[in-house]
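Here is the file target.txt (compact mmCIF, N, CA and C atoms).
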```txt
# COMPACT_ATOMS: atom_id res chain seq x y z
N GLN A 1 -92.60 30.21 -159.90
CA GLN A 1 -91.52 29.44 -159.29
C GLN A 1 -91.79 27.96 -159.48
N VAL A 2 -90.76 27.21 -159.79
CA VAL A 2 -90.89 25.78 -159.99
C VAL A 2 -90.90 25.07 -158.65
N GLN A 3 -91.85 24.16 -158.48
CA GLN A 3 -91.92 23.35 -157.27
C GLN A 3 -91.42 21.94 -157.58
N LEU A 4 -90.70 21.37 -156.61
CA LEU A 4 -90.11 20.05 -156.79
C LEU A 4 -90.57 19.12 -155.68
N GLU A 5 -90.84 17.88 -156.06
CA GLU A 5 -91.23 16.87 -155.08
C GLU A 5 -90.42 15.61 -155.33
N GLU A 6 -89.72 15.17 -154.28
CA GLU A 6 -88.86 13.98 -154.39
C GLU A 6 -89.51 12.78 -153.72
N SER A 7 -89.12 11.62 -154.19
CA SER A 7 -89.54 10.37 -153.56
C SER A 7 -88.53 9.29 -153.89
N GLY A 8 -88.61 8.18 -153.16
CA GLY A 8 -87.80 7.03 -153.50
C GLY A 8 -86.65 6.72 -152.55
N GLY A 9 -86.43 7.56 -151.56
CA GLY A 9 -85.35 7.27 -150.63
C GLY A 9 -85.70 6.10 -149.73
N GLY A 10 -84.73 5.70 -148.92
CA GLY A 10 -84.99 4.61 -148.00
C GLY A 10 -83.71 4.03 -147.44
N LEU A 11 -83.87 2.89 -146.80
CA LEU A 11 -82.75 2.16 -146.19
C LEU A 11 -82.44 0.95 -147.05
N VAL A 12 -81.17 0.78 -147.37
CA VAL A 12 -80.76 -0.34 -148.21
C VAL A 12 -79.39 -0.82 -147.75
N ARG A 13 -79.12 -2.09 -147.97
CA ARG A 13 -77.81 -2.61 -147.64
C ARG A 13 -76.80 -2.28 -148.71
N ALA A 14 -75.54 -2.25 -148.33
CA ALA A 14 -74.47 -2.02 -149.29
C ALA A 14 -74.58 -3.03 -150.43
N GLY A 15 -74.39 -2.52 -151.65
CA GLY A 15 -74.54 -3.36 -152.83
C GLY A 15 -75.93 -3.32 -153.43
N GLY A 16 -76.87 -2.76 -152.70
CA GLY A 16 -78.25 -2.69 -153.18
C GLY A 16 -78.49 -1.53 -154.11
N SER A 17 -79.76 -1.37 -154.47
CA SER A 17 -80.16 -0.33 -155.43
C SER A 17 -81.36 0.45 -154.92
N LEU A 18 -81.44 1.69 -155.37
CA LEU A 18 -82.60 2.54 -155.11
C LEU A 18 -82.81 3.42 -156.33
N LYS A 19 -84.05 3.87 -156.51
CA LYS A 19 -84.34 4.81 -157.59
C LYS A 19 -85.06 6.01 -157.01
N LEU A 20 -84.48 7.18 -157.22
CA LEU A 20 -85.08 8.42 -156.75
C LEU A 20 -85.85 9.08 -157.90
N VAL A 21 -86.95 9.72 -157.53
CA VAL A 21 -87.78 10.41 -158.50
C VAL A 21 -87.99 11.85 -158.04
N CYS A 22 -87.89 12.78 -158.98
CA CYS A 22 -88.17 14.19 -158.69
C CYS A 22 -89.13 14.70 -159.75
N SER A 23 -90.29 15.18 -159.30
CA SER A 23 -91.29 15.74 -160.21
C SER A 23 -91.32 17.25 -160.06
N ALA A 24 -91.30 17.94 -161.20
CA ALA A 24 -91.31 19.41 -161.21
C ALA A 24 -92.64 19.92 -161.75
N SER A 25 -93.09 21.03 -161.20
CA SER A 25 -94.30 21.67 -161.69
C SER A 25 -94.14 23.17 -161.59
N GLY A 26 -94.95 23.90 -162.39
CA GLY A 26 -94.92 25.35 -162.30
C GLY A 26 -94.13 26.04 -163.40
N GLY A 27 -94.06 25.41 -164.57
CA GLY A 27 -93.41 26.09 -165.68
C GLY A 27 -92.00 25.61 -165.94
N VAL A 28 -91.87 24.35 -166.33
CA VAL A 28 -90.56 23.75 -166.57
C VAL A 28 -90.08 24.08 -167.98
N SER A 29 -88.82 24.48 -168.09
CA SER A 29 -88.24 24.81 -169.39
C SER A 29 -87.41 23.64 -169.90
N SER A 30 -87.46 23.42 -171.20
CA SER A 30 -86.64 22.38 -171.82
C SER A 30 -85.16 22.73 -171.76
N LEU A 31 -84.84 23.99 -171.52
CA LEU A 31 -83.45 24.43 -171.47
C LEU A 31 -82.89 24.41 -170.04
N SER A 32 -83.68 23.93 -169.11
CA SER A 32 -83.26 23.93 -167.71
C SER A 32 -82.30 22.79 -167.41
N THR A 33 -81.62 22.94 -166.29
CA THR A 33 -80.79 21.88 -165.73
C THR A 33 -81.46 21.38 -164.47
N MET A 34 -81.63 20.08 -164.40
CA MET A 34 -82.14 19.47 -163.17
C MET A 34 -81.10 18.49 -162.66
N GLY A 35 -81.02 18.39 -161.36
CA GLY A 35 -80.00 17.52 -160.82
C GLY A 35 -80.29 17.05 -159.42
N TRP A 36 -79.44 16.18 -158.96
CA TRP A 36 -79.48 15.64 -157.60
C TRP A 36 -78.21 16.05 -156.86
N TYR A 37 -78.42 16.56 -155.67
CA TYR A 37 -77.33 16.87 -154.76
C TYR A 37 -77.54 16.03 -153.50
N ARG A 38 -76.49 15.83 -152.76
CA ARG A 38 -76.64 15.12 -151.48
C ARG A 38 -75.82 15.82 -150.41
N GLN A 39 -76.30 15.64 -149.18
CA GLN A 39 -75.60 16.20 -148.04
C GLN A 39 -75.52 15.15 -146.95
N ALA A 40 -74.31 14.75 -146.63
CA ALA A 40 -74.07 13.80 -145.55
C ALA A 40 -73.92 14.59 -144.24
N PRO A 41 -74.16 13.97 -143.11
CA PRO A 41 -74.03 14.67 -141.83
C PRO A 41 -72.65 15.29 -141.67
N GLY A 42 -72.62 16.56 -141.35
CA GLY A 42 -71.37 17.26 -141.11
C GLY A 42 -70.61 17.64 -142.36
N LYS A 43 -71.22 17.42 -143.52
CA LYS A 43 -70.53 17.74 -144.77
C LYS A 43 -71.34 18.74 -145.59
N GLN A 44 -70.67 19.34 -146.56
CA GLN A 44 -71.35 20.27 -147.44
C GLN A 44 -72.17 19.52 -148.49
N ARG A 45 -73.17 20.20 -148.98
CA ARG A 45 -73.98 19.64 -150.05
C ARG A 45 -73.11 19.54 -151.30
N GLU A 46 -73.23 18.41 -152.01
CA GLU A 46 -72.41 18.20 -153.20
C GLU A 46 -73.28 17.71 -154.35
N LEU A 47 -72.84 18.04 -155.56
CA LEU A 47 -73.55 17.57 -156.75
C LEU A 47 -73.31 16.09 -156.93
N VAL A 48 -74.38 15.35 -157.20
CA VAL A 48 -74.27 13.93 -157.52
C VAL A 48 -74.36 13.73 -159.03
N ALA A 49 -75.40 14.29 -159.63
CA ALA A 49 -75.60 14.15 -161.07
C ALA A 49 -76.57 15.23 -161.55
N SER A 50 -76.39 15.65 -162.79
CA SER A 50 -77.30 16.63 -163.36
C SER A 50 -77.51 16.34 -164.84
N VAL A 51 -78.62 16.87 -165.36
CA VAL A 51 -78.92 16.72 -166.78
C VAL A 51 -79.49 18.03 -167.29
N THR A 52 -79.00 18.46 -168.45
CA THR A 52 -79.51 19.64 -169.13
C THR A 52 -80.18 19.17 -170.41
N GLY A 53 -81.42 19.58 -170.62
CA GLY A 53 -82.16 19.00 -171.73
C GLY A 53 -82.39 17.53 -171.44
N HIS A 54 -82.05 16.69 -172.42
CA HIS A 54 -82.16 15.24 -172.19
C HIS A 54 -80.83 14.52 -172.22
N THR A 55 -79.82 15.14 -172.86
CA THR A 55 -78.63 14.35 -173.15
C THR A 55 -77.34 14.86 -172.52
N SER A 56 -77.32 16.07 -172.04
CA SER A 56 -76.10 16.59 -171.45
C SER A 56 -76.09 16.24 -169.97
N LYS A 57 -75.27 15.25 -169.62
CA LYS A 57 -75.27 14.73 -168.25
C LYS A 57 -73.92 14.90 -167.59
N ASN A 58 -73.96 15.09 -166.30
CA ASN A 58 -72.75 15.30 -165.52
C ASN A 58 -72.85 14.48 -164.24
N TYR A 59 -71.76 13.79 -163.88
CA TYR A 59 -71.76 12.96 -162.69
C TYR A 59 -70.56 13.28 -161.80
N ALA A 60 -70.74 13.16 -160.51
CA ALA A 60 -69.62 13.20 -159.60
C ALA A 60 -68.76 11.97 -159.84
N ASP A 61 -67.46 12.12 -159.69
CA ASP A 61 -66.55 10.99 -159.93
C ASP A 61 -66.90 9.80 -159.04
N SER A 62 -67.36 10.06 -157.85
CA SER A 62 -67.61 8.99 -156.89
C SER A 62 -68.80 8.11 -157.27
N VAL A 63 -69.64 8.57 -158.21
CA VAL A 63 -70.82 7.78 -158.57
C VAL A 63 -70.79 7.30 -160.01
N LYS A 64 -69.80 7.70 -160.77
CA LYS A 64 -69.72 7.29 -162.18
C LYS A 64 -69.69 5.76 -162.28
N GLY A 65 -70.49 5.24 -163.19
CA GLY A 65 -70.56 3.80 -163.37
C GLY A 65 -71.55 3.12 -162.46
N ARG A 66 -72.05 3.84 -161.44
CA ARG A 66 -73.00 3.25 -160.50
C ARG A 66 -74.37 3.93 -160.55
N PHE A 67 -74.38 5.22 -160.79
CA PHE A 67 -75.62 6.00 -160.82
C PHE A 67 -75.92 6.45 -162.25
N THR A 68 -77.20 6.50 -162.57
CA THR A 68 -77.64 6.97 -163.88
C THR A 68 -78.77 7.96 -163.71
N ILE A 69 -78.60 9.14 -164.31
CA ILE A 69 -79.66 10.15 -164.27
C ILE A 69 -80.39 10.13 -165.60
N SER A 70 -81.70 10.32 -165.54
CA SER A 70 -82.49 10.38 -166.76
C SER A 70 -83.65 11.35 -166.55
N ARG A 71 -84.30 11.69 -167.67
CA ARG A 71 -85.33 12.73 -167.62
C ARG A 71 -86.47 12.35 -168.54
N THR A 72 -87.69 12.71 -168.14
CA THR A 72 -88.84 12.41 -168.98
C THR A 72 -88.85 13.29 -170.23
N THR A 73 -89.60 12.86 -171.25
CA THR A 73 -89.60 13.57 -172.53
C THR A 73 -90.19 14.97 -172.41
N ASN A 74 -91.02 15.21 -171.41
CA ASN A 74 -91.58 16.57 -171.24
C ASN A 74 -90.77 17.39 -170.24
N TRP A 75 -89.61 16.88 -169.89
CA TRP A 75 -88.61 17.57 -169.04
C TRP A 75 -89.07 17.79 -167.60
N SER A 76 -90.20 17.28 -167.20
CA SER A 76 -90.76 17.65 -165.91
C SER A 76 -90.41 16.71 -164.77
N ALA A 77 -89.68 15.65 -165.06
CA ALA A 77 -89.28 14.75 -163.97
C ALA A 77 -87.90 14.18 -164.28
N ILE A 78 -87.16 13.93 -163.23
CA ILE A 78 -85.88 13.26 -163.39
C ILE A 78 -85.83 12.07 -162.45
N PHE A 79 -84.97 11.14 -162.81
CA PHE A 79 -84.80 9.93 -162.04
C PHE A 79 -83.31 9.74 -161.76
N LEU A 80 -83.02 9.14 -160.63
CA LEU A 80 -81.65 8.77 -160.33
C LEU A 80 -81.66 7.29 -159.95
N GLN A 81 -81.18 6.47 -160.86
CA GLN A 81 -81.04 5.05 -160.59
C GLN A 81 -79.69 4.83 -159.94
N MET A 82 -79.73 4.33 -158.72
CA MET A 82 -78.50 4.13 -157.95
C MET A 82 -78.29 2.64 -157.75
N THR A 83 -77.15 2.15 -158.18
CA THR A 83 -76.82 0.74 -158.02
C THR A 83 -75.51 0.61 -157.26
N ASN A 84 -75.24 -0.61 -156.78
CA ASN A 84 -74.02 -0.89 -156.03
C ASN A 84 -73.78 0.20 -154.97
N LEU A 85 -74.80 0.48 -154.20
CA LEU A 85 -74.72 1.54 -153.20
C LEU A 85 -73.71 1.21 -152.13
N LYS A 86 -73.07 2.26 -151.65
CA LYS A 86 -72.04 2.14 -150.62
C LYS A 86 -72.46 2.95 -149.40
N PRO A 87 -71.92 2.61 -148.22
CA PRO A 87 -72.27 3.40 -147.02
C PRO A 87 -71.98 4.89 -147.19
N GLU A 88 -70.95 5.22 -147.95
CA GLU A 88 -70.61 6.64 -148.14
C GLU A 88 -71.61 7.36 -149.05
N ASP A 89 -72.57 6.65 -149.62
CA ASP A 89 -73.64 7.29 -150.38
C ASP A 89 -74.76 7.79 -149.47
N THR A 90 -74.67 7.49 -148.21
CA THR A 90 -75.69 7.91 -147.24
C THR A 90 -75.77 9.42 -147.15
N GLY A 91 -76.98 9.92 -147.11
CA GLY A 91 -77.20 11.35 -146.96
C GLY A 91 -78.62 11.74 -147.36
N VAL A 92 -78.89 13.02 -147.27
CA VAL A 92 -80.15 13.54 -147.75
C VAL A 92 -79.94 13.97 -149.21
N TYR A 93 -80.77 13.47 -150.08
CA TYR A 93 -80.66 13.77 -151.51
C TYR A 93 -81.70 14.82 -151.87
N TYR A 94 -81.23 15.90 -152.49
CA TYR A 94 -82.07 17.02 -152.85
C TYR A 94 -82.15 17.14 -154.37
N CYS A 95 -83.33 17.40 -154.85
CA CYS A 95 -83.54 17.69 -156.26
C CYS A 95 -83.39 19.20 -156.48
N ASN A 96 -82.82 19.56 -157.61
CA ASN A 96 -82.60 20.98 -157.92
C ASN A 96 -83.00 21.28 -159.35
N TYR A 97 -83.57 22.46 -159.54
CA TYR A 97 -83.94 22.94 -160.87
C TYR A 97 -83.30 24.31 -161.07
N LYS A 98 -82.60 24.47 -162.21
CA LYS A 98 -81.98 25.76 -162.51
C LYS A 98 -82.31 26.17 -163.94
N ARG A 99 -82.72 27.42 -164.07
CA ARG A 99 -82.90 28.02 -165.38
C ARG A 99 -82.90 29.53 -165.19
N LEU A 100 -81.86 30.18 -165.71
CA LEU A 100 -81.69 31.64 -165.56
C LEU A 100 -81.78 32.02 -164.07
N ALA A 101 -82.72 32.85 -163.71
CA ALA A 101 -82.79 33.33 -162.32
C ALA A 101 -83.53 32.36 -161.40
N VAL A 102 -84.05 31.29 -161.94
CA VAL A 102 -84.81 30.34 -161.13
C VAL A 102 -83.87 29.26 -160.60
N ASP A 103 -83.87 29.07 -159.30
CA ASP A 103 -83.04 28.07 -158.64
C ASP A 103 -83.87 27.46 -157.52
N SER A 104 -84.52 26.34 -157.81
CA SER A 104 -85.46 25.74 -156.86
C SER A 104 -84.90 24.45 -156.29
N TRP A 105 -85.30 24.18 -155.03
CA TRP A 105 -84.85 22.97 -154.33
C TRP A 105 -86.06 22.22 -153.78
N GLY A 106 -85.93 20.91 -153.78
CA GLY A 106 -86.92 20.09 -153.12
C GLY A 106 -86.61 19.99 -151.64
N GLN A 107 -87.47 19.28 -150.91
CA GLN A 107 -87.33 19.14 -149.47
C GLN A 107 -86.29 18.11 -149.09
N GLY A 108 -85.95 17.23 -150.00
CA GLY A 108 -84.94 16.22 -149.72
C GLY A 108 -85.55 14.87 -149.36
N THR A 109 -84.82 13.83 -149.66
CA THR A 109 -85.23 12.48 -149.30
C THR A 109 -84.01 11.74 -148.76
N GLN A 110 -84.21 11.03 -147.67
CA GLN A 110 -83.10 10.37 -146.98
C GLN A 110 -82.75 9.06 -147.66
N VAL A 111 -81.46 8.87 -147.89
CA VAL A 111 -80.93 7.59 -148.37
C VAL A 111 -79.93 7.11 -147.33
N THR A 112 -80.15 5.92 -146.82
CA THR A 112 -79.25 5.34 -145.85
C THR A 112 -78.78 3.98 -146.35
N VAL A 113 -77.46 3.83 -146.42
CA VAL A 113 -76.88 2.57 -146.89
C VAL A 113 -76.13 1.95 -145.72
N SER A 114 -76.56 0.77 -145.32
CA SER A 114 -75.92 0.08 -144.20
C SER A 114 -74.83 -0.86 -144.71
N SER A 115 -73.83 -1.02 -143.89
CA SER A 115 -72.70 -1.88 -144.29
C SER A 115 -72.94 -3.33 -143.90
```

Can you turn what I pasted into structure tokens?
Amino acid sequence: QVQLEESGGGLVRAGGSLKLVCSASGGVSSLSTMGWYRQAPGKQRELVASVTGHTSKNYADSVKGRFTISRTTNWSAIFLQMTNLKPEDTGVYYCNYKRLAVDSWGQGTQVTVSS
């Protein structure tokens, strides 16, 4: 089973930036999809951004142009560079790894954007 560890969350003012990091261990496949999801209080978890391999990327409409997902050359870590943060970006951000029957989640990291 793949284990995930996230870091990089915190408190930032609107307009600021943060970078999230997710490190994977335990047998990472180059064909896997890794991504970031977030869950705001009282809301369902939603996809923020994902990457399959190195170049196939997908973003939620609400973050396009502001967030950038990237992945290391050995596929074992992903980054989420978040710029021009808004209060509505507040939530717990979870890292996810998917490949065939494997669907792993990290513990989550809190991102709070103050207005």

Coordinates of box centre and edge lengths for range 37-53 of chain A, 6 Å on every side, axis-aligned, as AutoDock Vina command-line options:
```
--center_x -76.5 --center_y 17.0 --center_z -156.4 --size_x 23.9 --size_y 18.5 --size_z 42.6
```

(request) To one decimal in Å, tell me the separation between CA of Gly10 in chain A and atom C of Asn74 in chain A. (result) 26.3 Å

(message) So the first atom is atom N of Val63 in chain A and the second is CA of Val28 in chain A; what is the distance between them in Å, to one decimal place?
(response)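 These atoms are spaced 27.2 Å apart.
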
(request) Do a neighbour search on Val111 in chain A at 6 Å with only C-alpha atoms, toss out local chain neighbours closer than 6 positions, and write the hits as a count of residues only. (result) 4

(request) Kindly extract all protein, DNA and RNA residues lying within 7 Å of the coordinates (-79.2, 2.5, -160.4) given in the file, considering all atoms listed in the file, and supply them as a PyMOL selection string. (result) chain A and resi 17-19+66-68+80-84

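Nearest to Val51 in chain A of all the residues A:Gly35, A:Gly26, A:Gly108, A:Gly65 is A:Gly35, based on only N, CA and C atoms.
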
(message) Let me make sure I understand: among A:Gln3, A:Ser76, A:Gln44, A:Thr33, which one has the smallest atom-to-atom distance to Trp105 in chain A if we use only N, CA and C atoms?
(response)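 Using only N, CA and C atoms, Trp105 in chain A sits closest to A:Gln3.
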
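Among the candidates A:Leu47, A:Cys95, A:Val113, A:Val2, the one nearest to Gly27 in chain A when counting all atoms listed in the file is A:Val2.
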
(request) Measuring atom to atom with all atoms listed in the file, identify which of A:Phe79, A:Leu4, A:Tyr37, A:Ser32 is nearest to Tyr93 in chain A. (result) A:Tyr37

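One finds atom N of Pro41 in chain A at 24.0 Å from atom N of Ile78 in chain A.
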
(message) With 8 Å as the threshold, what does the neighbourhood of (-83.3, 26.5, -163.1) contain in terms of residues, counting only N, CA and C atoms? Coordinates are those of the file; answer as a PyMOL selection string.
(response) chain A and resi 29+31-34+96-104

Keeping N, CA and C atoms for every residue in the selection just given, could you write it to a file as a PDB file, in the frame of the given file?
```pdb
ATOM      1  N   SER A  29     -88.820  24.480-168.090  1.00  0.00           N
ATOM      2  CA  SER A  29     -88.240  24.810-169.390  1.00  0.00           C
ATOM      3  C   SER A  29     -87.410  23.640-169.900  1.00  0.00           C
ATOM      4  N   LEU A  31     -84.840  23.990-171.520  1.00  0.00           N
ATOM      5  CA  LEU A  31     -83.450  24.430-171.470  1.00  0.00           C
ATOM      6  C   LEU A  31     -82.890  24.410-170.040  1.00  0.00           C
ATOM      7  N   SER A  32     -83.680  23.930-169.110  1.00  0.00           N
ATOM      8  CA  SER A  32     -83.260  23.930-167.710  1.00  0.00           C
ATOM      9  C   SER A  32     -82.300  22.790-167.410  1.00  0.00           C
ATOM     10  N   THR A  33     -81.620  22.940-166.290  1.00  0.00           N
ATOM     11  CA  THR A  33     -80.790  21.880-165.730  1.00  0.00           C
ATOM     12  C   THR A  33     -81.460  21.380-164.470  1.00  0.00           C
ATOM     13  N   MET A  34     -81.630  20.080-164.400  1.00  0.00           N
ATOM     14  CA  MET A  34     -82.140  19.470-163.170  1.00  0.00           C
ATOM     15  C   MET A  34     -81.100  18.490-162.660  1.00  0.00           C
ATOM     16  N   ASN A  96     -82.820  19.560-157.610  1.00  0.00           N
ATOM     17  CA  ASN A  96     -82.600  20.980-157.920  1.00  0.00           C
ATOM     18  C   ASN A  96     -83.000  21.280-159.350  1.00  0.00           C
ATOM     19  N   TYR A  97     -83.570  22.460-159.540  1.00  0.00           N
ATOM     20  CA  TYR A  97     -83.940  22.940-160.870  1.00  0.00           C
ATOM     21  C   TYR A  97     -83.300  24.310-161.070  1.00  0.00           C
ATOM     22  N   LYS A  98     -82.600  24.470-162.210  1.00  0.00           N
ATOM     23  CA  LYS A  98     -81.980  25.760-162.510  1.00  0.00           C
ATOM     24  C   LYS A  98     -82.310  26.170-163.940  1.00  0.00           C
ATOM     25  N   ARG A  99     -82.720  27.420-164.070  1.00  0.00           N
ATOM     26  CA  ARG A  99     -82.900  28.020-165.380  1.00  0.00           C
ATOM     27  C   ARG A  99     -82.900  29.530-165.190  1.00  0.00           C
ATOM     28  N   LEU A 100     -81.860  30.180-165.710  1.00  0.00           N
ATOM     29  CA  LEU A 100     -81.690  31.640-165.560  1.00  0.00           C
ATOM     30  C   LEU A 100     -81.780  32.020-164.070  1.00  0.00           C
ATOM     31  N   ALA A 101     -82.720  32.850-163.710  1.00  0.00           N
ATOM     32  CA  ALA A 101     -82.790  33.330-162.320  1.00  0.00           C
ATOM     33  C   ALA A 101     -83.530  32.360-161.400  1.00  0.00           C
ATOM     34  N   VAL A 102     -84.050  31.290-161.940  1.00  0.00           N
ATOM     35  CA  VAL A 102     -84.810  30.340-161.130  1.00  0.00           C
ATOM     36  C   VAL A 102     -83.870  29.260-160.600  1.00  0.00           C
ATOM     37  N   ASP A 103     -83.870  29.070-159.300  1.00  0.00           N
ATOM     38  CA  ASP A 103     -83.040  28.070-158.640  1.00  0.00           C
ATOM     39  C   ASP A 103     -83.870  27.460-157.520  1.00  0.00           C
ATOM     40  N   SER A 104     -84.520  26.340-157.810  1.00  0.00           N
ATOM     41  CA  SER A 104     -85.460  25.740-156.860  1.00  0.00           C
ATOM     42  C   SER A 104     -84.900  24.450-156.290  1.00  0.00           C
TER      43      SER A 104
END
```

(request) Report as number ranges by chain: the residues of chain A with a DSSP assignment of strand (DSSP E or B), based on the backbone of this structure. (result) A: 3-7, 10-13, 18-25, 33-39, 46-52, 56-59, 67-71, 77-82, 91-99, 102-105, 109-114

(message) If DSSP is run on the backbone, what residues of range 34-92 of chain A are helix (DSSP H, G or I)? A reply as JSON, numbers by chain would be ideal.
(response) {"A": [61, 62, 63, 87, 88, 89]}

(request) Pick out the closest residue to Gln107 in chain A from this set: A:Ala24, A:Gly53, A:Glu5, A:Arg45. Count all atoms listed in the file. (result)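 Among the listed residues, the smallest separation from Gln107 in chain A belongs to A:Glu5.
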
(message) Between A:Thr52, A:Thr73, A:Ser62, A:Gln110, which residue has the minimum interatomic distance to Glu6 in chain A, considering only C-alpha atoms?
(response)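 Among A:Thr52, A:Thr73, A:Ser62, A:Gln110, it is A:Gln110 that comes nearest to Glu6 in chain A.
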